[in-house]
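Data file: run.csv. Format and content: CSV, C-alpha atoms.
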```csv
chain,number,residue,atom,x,y,z
D,1,MET,CA,381.3,108.0,163.6
D,2,ALA,CA,378.9,105.1,164.2
D,3,THR,CA,377.7,102.9,161.4
D,4,ASN,CA,374.2,101.6,161.0
D,5,THR,CA,374.4,97.8,161.3
D,6,SER,CA,370.7,97.1,161.8
D,7,PRO,CA,369.2,94.2,159.9
D,8,THR,CA,367.3,96.5,157.6
D,9,SER,CA,370.5,98.4,156.7
D,10,ASN,CA,372.3,95.1,156.1
D,11,ASN,CA,369.5,93.8,153.9
D,12,ARG,CA,369.4,97.1,151.9
D,13,SER,CA,373.1,96.8,151.3
D,14,LEU,CA,372.7,93.2,150.2
D,15,LEU,CA,369.9,94.2,147.8
D,16,PHE,CA,372.0,97.0,146.4
D,17,ALA,CA,375.0,94.8,145.9
D,18,ALA,CA,372.7,92.2,144.2
D,19,ALA,CA,371.3,94.8,141.9
D,20,VAL,CA,374.8,96.1,141.0
D,21,GLY,CA,376.2,92.6,140.5
D,22,GLY,CA,373.2,91.5,138.5
D,23,VAL,CA,373.4,94.5,136.2
D,24,ILE,CA,377.2,94.0,135.7
D,25,ALA,CA,376.6,90.3,135.0
D,26,ALA,CA,373.8,91.0,132.6
D,27,VAL,CA,375.8,93.6,130.7
D,28,ALA,CA,379.0,91.5,130.6
D,29,ASN,CA,377.0,88.5,129.3
D,30,ALA,CA,375.2,90.6,126.7
D,31,ILE,CA,378.6,91.7,125.4
D,32,VAL,CA,379.8,88.0,125.3
D,33,TYR,CA,376.6,87.2,123.5
D,34,PHE,CA,377.1,89.9,120.9
D,35,VAL,CA,380.7,88.9,120.4
D,36,GLY,CA,379.7,85.3,119.9
D,37,ASP,CA,376.8,86.2,117.6
D,38,SER,CA,379.0,88.4,115.5
D,39,ALA,CA,381.4,85.4,115.2
D,40,GLY,CA,378.5,83.3,113.9
D,41,VAL,CA,377.9,81.3,117.1
D,42,GLU,CA,374.4,80.0,117.6
D,43,PHE,CA,373.5,79.6,121.2
D,44,ILE,CA,371.7,76.3,120.9
D,45,VAL,CA,370.7,74.6,124.1
D,46,PRO,CA,368.3,71.8,125.2
D,47,ALA,CA,364.8,73.4,125.3
D,48,GLY,CA,363.7,71.4,128.4
D,49,GLY,CA,367.0,71.6,130.2
D,50,PRO,CA,369.8,69.1,130.3
D,51,GLY,CA,368.9,65.8,128.7
D,52,SER,CA,366.0,67.2,126.6
D,53,GLU,CA,365.9,66.1,123.0
D,54,ASN,CA,364.4,69.4,121.8
D,55,THR,CA,366.7,72.3,121.3
D,56,MET,CA,366.2,76.1,121.1
D,57,GLU,CA,368.4,79.1,120.5
D,58,LEU,CA,368.9,81.2,123.7
D,59,PRO,CA,367.4,84.7,123.2
D,60,LEU,CA,369.4,87.7,124.5
D,61,VAL,CA,366.5,88.4,127.0
D,62,ALA,CA,366.9,85.0,128.6
D,63,ILE,CA,370.6,85.4,128.9
D,64,ILE,CA,370.1,88.8,130.6
D,65,LEU,CA,367.5,87.5,133.1
D,66,ILE,CA,369.5,84.3,133.8
D,67,SER,CA,372.6,86.4,134.4
D,68,ALA,CA,370.9,88.8,136.9
D,69,ALA,CA,368.6,86.5,138.9
D,70,PRO,CA,371.4,84.6,140.7
D,71,ALA,CA,372.5,87.9,142.3
D,72,PHE,CA,369.3,88.1,144.3
D,73,ILE,CA,369.4,84.4,145.2
D,74,ALA,CA,373.0,85.1,146.5
D,75,ALA,CA,371.7,88.0,148.6
D,76,GLY,CA,369.1,85.7,150.2
D,77,LEU,CA,371.8,83.1,150.8
D,78,ILE,CA,374.1,85.6,152.4
D,79,ALA,CA,371.3,87.0,154.6
D,80,THR,CA,370.5,83.4,155.7
D,81,LEU,CA,374.2,82.6,156.4
D,82,ARG,CA,374.6,85.7,158.5
D,83,ARG,CA,371.9,84.4,160.8
D,84,PHE,CA,373.8,81.2,161.5
D,85,THR,CA,377.5,82.1,161.3
D,86,ASP,CA,380.0,84.9,161.8
D,87,ARG,CA,381.9,83.8,158.7
D,88,ALA,CA,379.0,84.2,156.3
D,89,MET,CA,381.0,85.7,153.5
D,90,THR,CA,383.7,83.0,153.7
D,91,VAL,CA,381.0,80.3,153.5
D,92,PHE,CA,379.3,82.2,150.6
D,93,TYR,CA,382.6,82.3,148.6
D,94,VAL,CA,383.0,78.5,149.0
D,95,ILE,CA,379.4,77.9,148.0
D,96,ALA,CA,379.7,80.2,145.0
D,97,ALA,CA,382.9,78.5,143.8
D,98,VAL,CA,381.3,75.1,144.1
D,99,ILE,CA,378.2,76.3,142.2
D,100,LEU,CA,380.4,77.8,139.5
D,101,VAL,CA,382.2,74.5,139.0
D,102,ILE,CA,378.9,72.6,138.9
D,103,SER,CA,377.5,75.1,136.4
D,104,PHE,CA,379.9,73.8,133.8
D,105,PHE,CA,378.6,70.3,133.8
D,106,PRO,CA,375.5,70.9,131.6
D,107,LEU,CA,377.7,72.6,129.0
D,108,GLY,CA,379.0,69.3,127.8
D,109,GLN,CA,375.5,67.7,127.4
D,110,GLU,CA,374.1,66.6,124.1
D,111,GLY,CA,372.1,69.4,122.5
D,112,VAL,CA,374.4,72.3,123.4
D,113,ALA,CA,376.0,73.8,120.2
D,114,GLU,CA,379.7,73.0,120.3
D,115,ASP,CA,380.8,76.4,119.1
D,116,ALA,CA,378.7,78.0,121.9
D,117,ILE,CA,380.2,76.0,124.8
D,118,ILE,CA,383.2,78.3,125.3
D,119,TYR,CA,381.0,81.5,125.1
D,120,LEU,CA,378.6,80.0,127.6
D,121,ALA,CA,381.5,79.0,129.9
D,122,VAL,CA,382.8,82.6,129.7
D,123,MET,CA,379.3,83.8,130.6
D,124,HIS,CA,379.2,81.6,133.7
D,125,VAL,CA,382.6,83.0,134.9
D,126,ALA,CA,381.5,86.6,134.1
D,127,ALA,CA,378.3,86.3,136.0
D,128,ALA,CA,380.0,84.6,139.0
D,129,GLY,CA,382.8,87.2,139.0
D,130,ALA,CA,380.4,90.1,138.8
D,131,ILE,CA,378.0,88.9,141.4
D,132,VAL,CA,380.6,87.7,143.9
D,133,GLY,CA,382.7,90.8,143.2
D,134,ALA,CA,379.7,93.1,144.0
D,135,PHE,CA,379.2,91.4,147.3
D,136,ALA,CA,382.9,91.5,148.2
D,137,TYR,CA,383.0,95.2,147.3
D,138,ALA,CA,379.9,96.0,149.3
D,139,ARG,CA,381.4,94.2,152.3
D,140,ARG,CA,384.3,96.7,152.4
```
How would this structure read if it were set down as structure tokens?
Amino acid sequence: MATNTSPTSNNRSLLFAAAVGGVIAAVANAIVYFVGDSAGVEFIVPAGGPGSENTMELPLVAIILISAAPAFIAAGLIATLRRFTDRAMTVFYVIAAVILVISFFPLGQEGVAEDAIIYLAVMHVAAAGAIVGAFAYARR
């Protein structure tokens, strides 16, 4: 039984994995948001990004979109890595781990609500796990 390994087939499987990972990340982070919200946590963050003096509460829609979008960026990264190396997934895993660690740095910035930090950190881990997990599963 031959498998179709054409670039189009590979790209479709990457997009499918991105969609699955993005949906799982969005749902997981929506659950974390609702748990935090029911505990009285206000998801206050700098309105203009890290270092901004203005703050705003993160709406659920923003959390869902911010959770799902990286999955499609990851698909593009994997597609690009496949053009340059035979170890694309290994390189992707390393890059994803580094980005996850870096993603924690803004959580300690001034303007982020202290009670929201742990929930936001859990959201970062949930999104990374869902997205990387979807690509790892699709690779099998």
Discussion item. Between D:Ala116, D:Ala30, D:Ala138, D:Val132, which residue has the minimum interatomic distance to Ala62 of chain D, considering only C-alpha atoms?
Written reply: D:Ala30
Worksheet entry | Counting all atoms listed in the file, the option among D:Phe84, D:Tyr93, D:Phe104, D:Phe72 closest to Arg12 of chain D |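 Closest residue, counting all atoms listed in the file: D:Phe72.
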Item to complete: Choose the residue, out of D:Leu100, D:Ala69, D:Ile78, D:Val112, that has the smallest atom-to-atom separation from Ala25 of chain D; count all atoms listed in the file.
Response: D:Ala69
Fill in: Residue with smallest distance to Gly108 of chain D - pool D:Val35, D:Ala18, D:Ile63, D:Val45, counting all atoms listed in the file
D:Val45
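Across the structure, atom CA of Tyr119 of chain D and atom CA of Ile95 of chain D are spaced 23.2 Å apart.
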Item to complete: Find the spatial neighbours of Ile131 of chain D, counting all atoms listed in the file, within a cut-off of 9 Å - ignore same-chain residues fewer than 5 positions away - and output them as a VMD selection string.
Response: chain D and resid 17 to 25 68 70 to 71 74 126 136
Let's have the selection written as a compact mmCIF listing (two decimals), in the coordinates of the input, with C-alpha atoms.
```
# COMPACT_ATOMS: atom_id res chain seq x y z
CA ALA D 17 375.00 94.80 145.90
CA ALA D 18 372.70 92.20 144.20
CA ALA D 19 371.30 94.80 141.90
CA VAL D 20 374.80 96.10 141.00
CA GLY D 21 376.20 92.60 140.50
CA GLY D 22 373.20 91.50 138.50
CA VAL D 23 373.40 94.50 136.20
CA ILE D 24 377.20 94.00 135.70
CA ALA D 25 376.60 90.30 135.00
CA ALA D 68 370.90 88.80 136.90
CA PRO D 70 371.40 84.60 140.70
CA ALA D 71 372.50 87.90 142.30
CA ALA D 74 373.00 85.10 146.50
CA ALA D 126 381.50 86.60 134.10
CA ALA D 136 382.90 91.50 148.20
```
Practice prompt. List the neighbours of Ser103 of chain D out to 12 Å using only C-alpha atoms; skip same-chain residues closer than 4 positions along the sequence, and give me the result as an MDAnalysis selection string.
Written response: chainID D and resid 50 96:99 107:109 117 120:125 127:128
Discussion item. Using Å and a single decimal, report how far atom CA of Pro59 of chain D sits from atom CA of Ala26 of chain D.
Written reply: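 Interatomic distance here is 13.0 Å.
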Worksheet item: Hey, can you check how far atom CA of Glu110 of chain D sits from atom CA of Gly51 of chain D?
Response: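 These atoms are spaced 7.0 Å apart.
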Worksheet item: Near Glu53 of chain D, counting only C-alpha atoms, which residues have an atom at most 9 Å away, once you skip same-chain residues fewer than 5 positions from it, shown as number ranges by chain?
Response: D: 46-48, 110-111
Mind writing the picked residues with C-alpha atoms as a PDB file, keeping the file's coordinate frame?
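Saved the output as part.pdb:
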```
ATOM      1  CA  PRO D  46     368.300  71.800 125.200  1.00  0.00           C
ATOM      2  CA  ALA D  47     364.800  73.400 125.300  1.00  0.00           C
ATOM      3  CA  GLY D  48     363.700  71.400 128.400  1.00  0.00           C
ATOM      4  CA  GLU D 110     374.100  66.600 124.100  1.00  0.00           C
ATOM      5  CA  GLY D 111     372.100  69.400 122.500  1.00  0.00           C
TER       6      GLY D 111
END
```
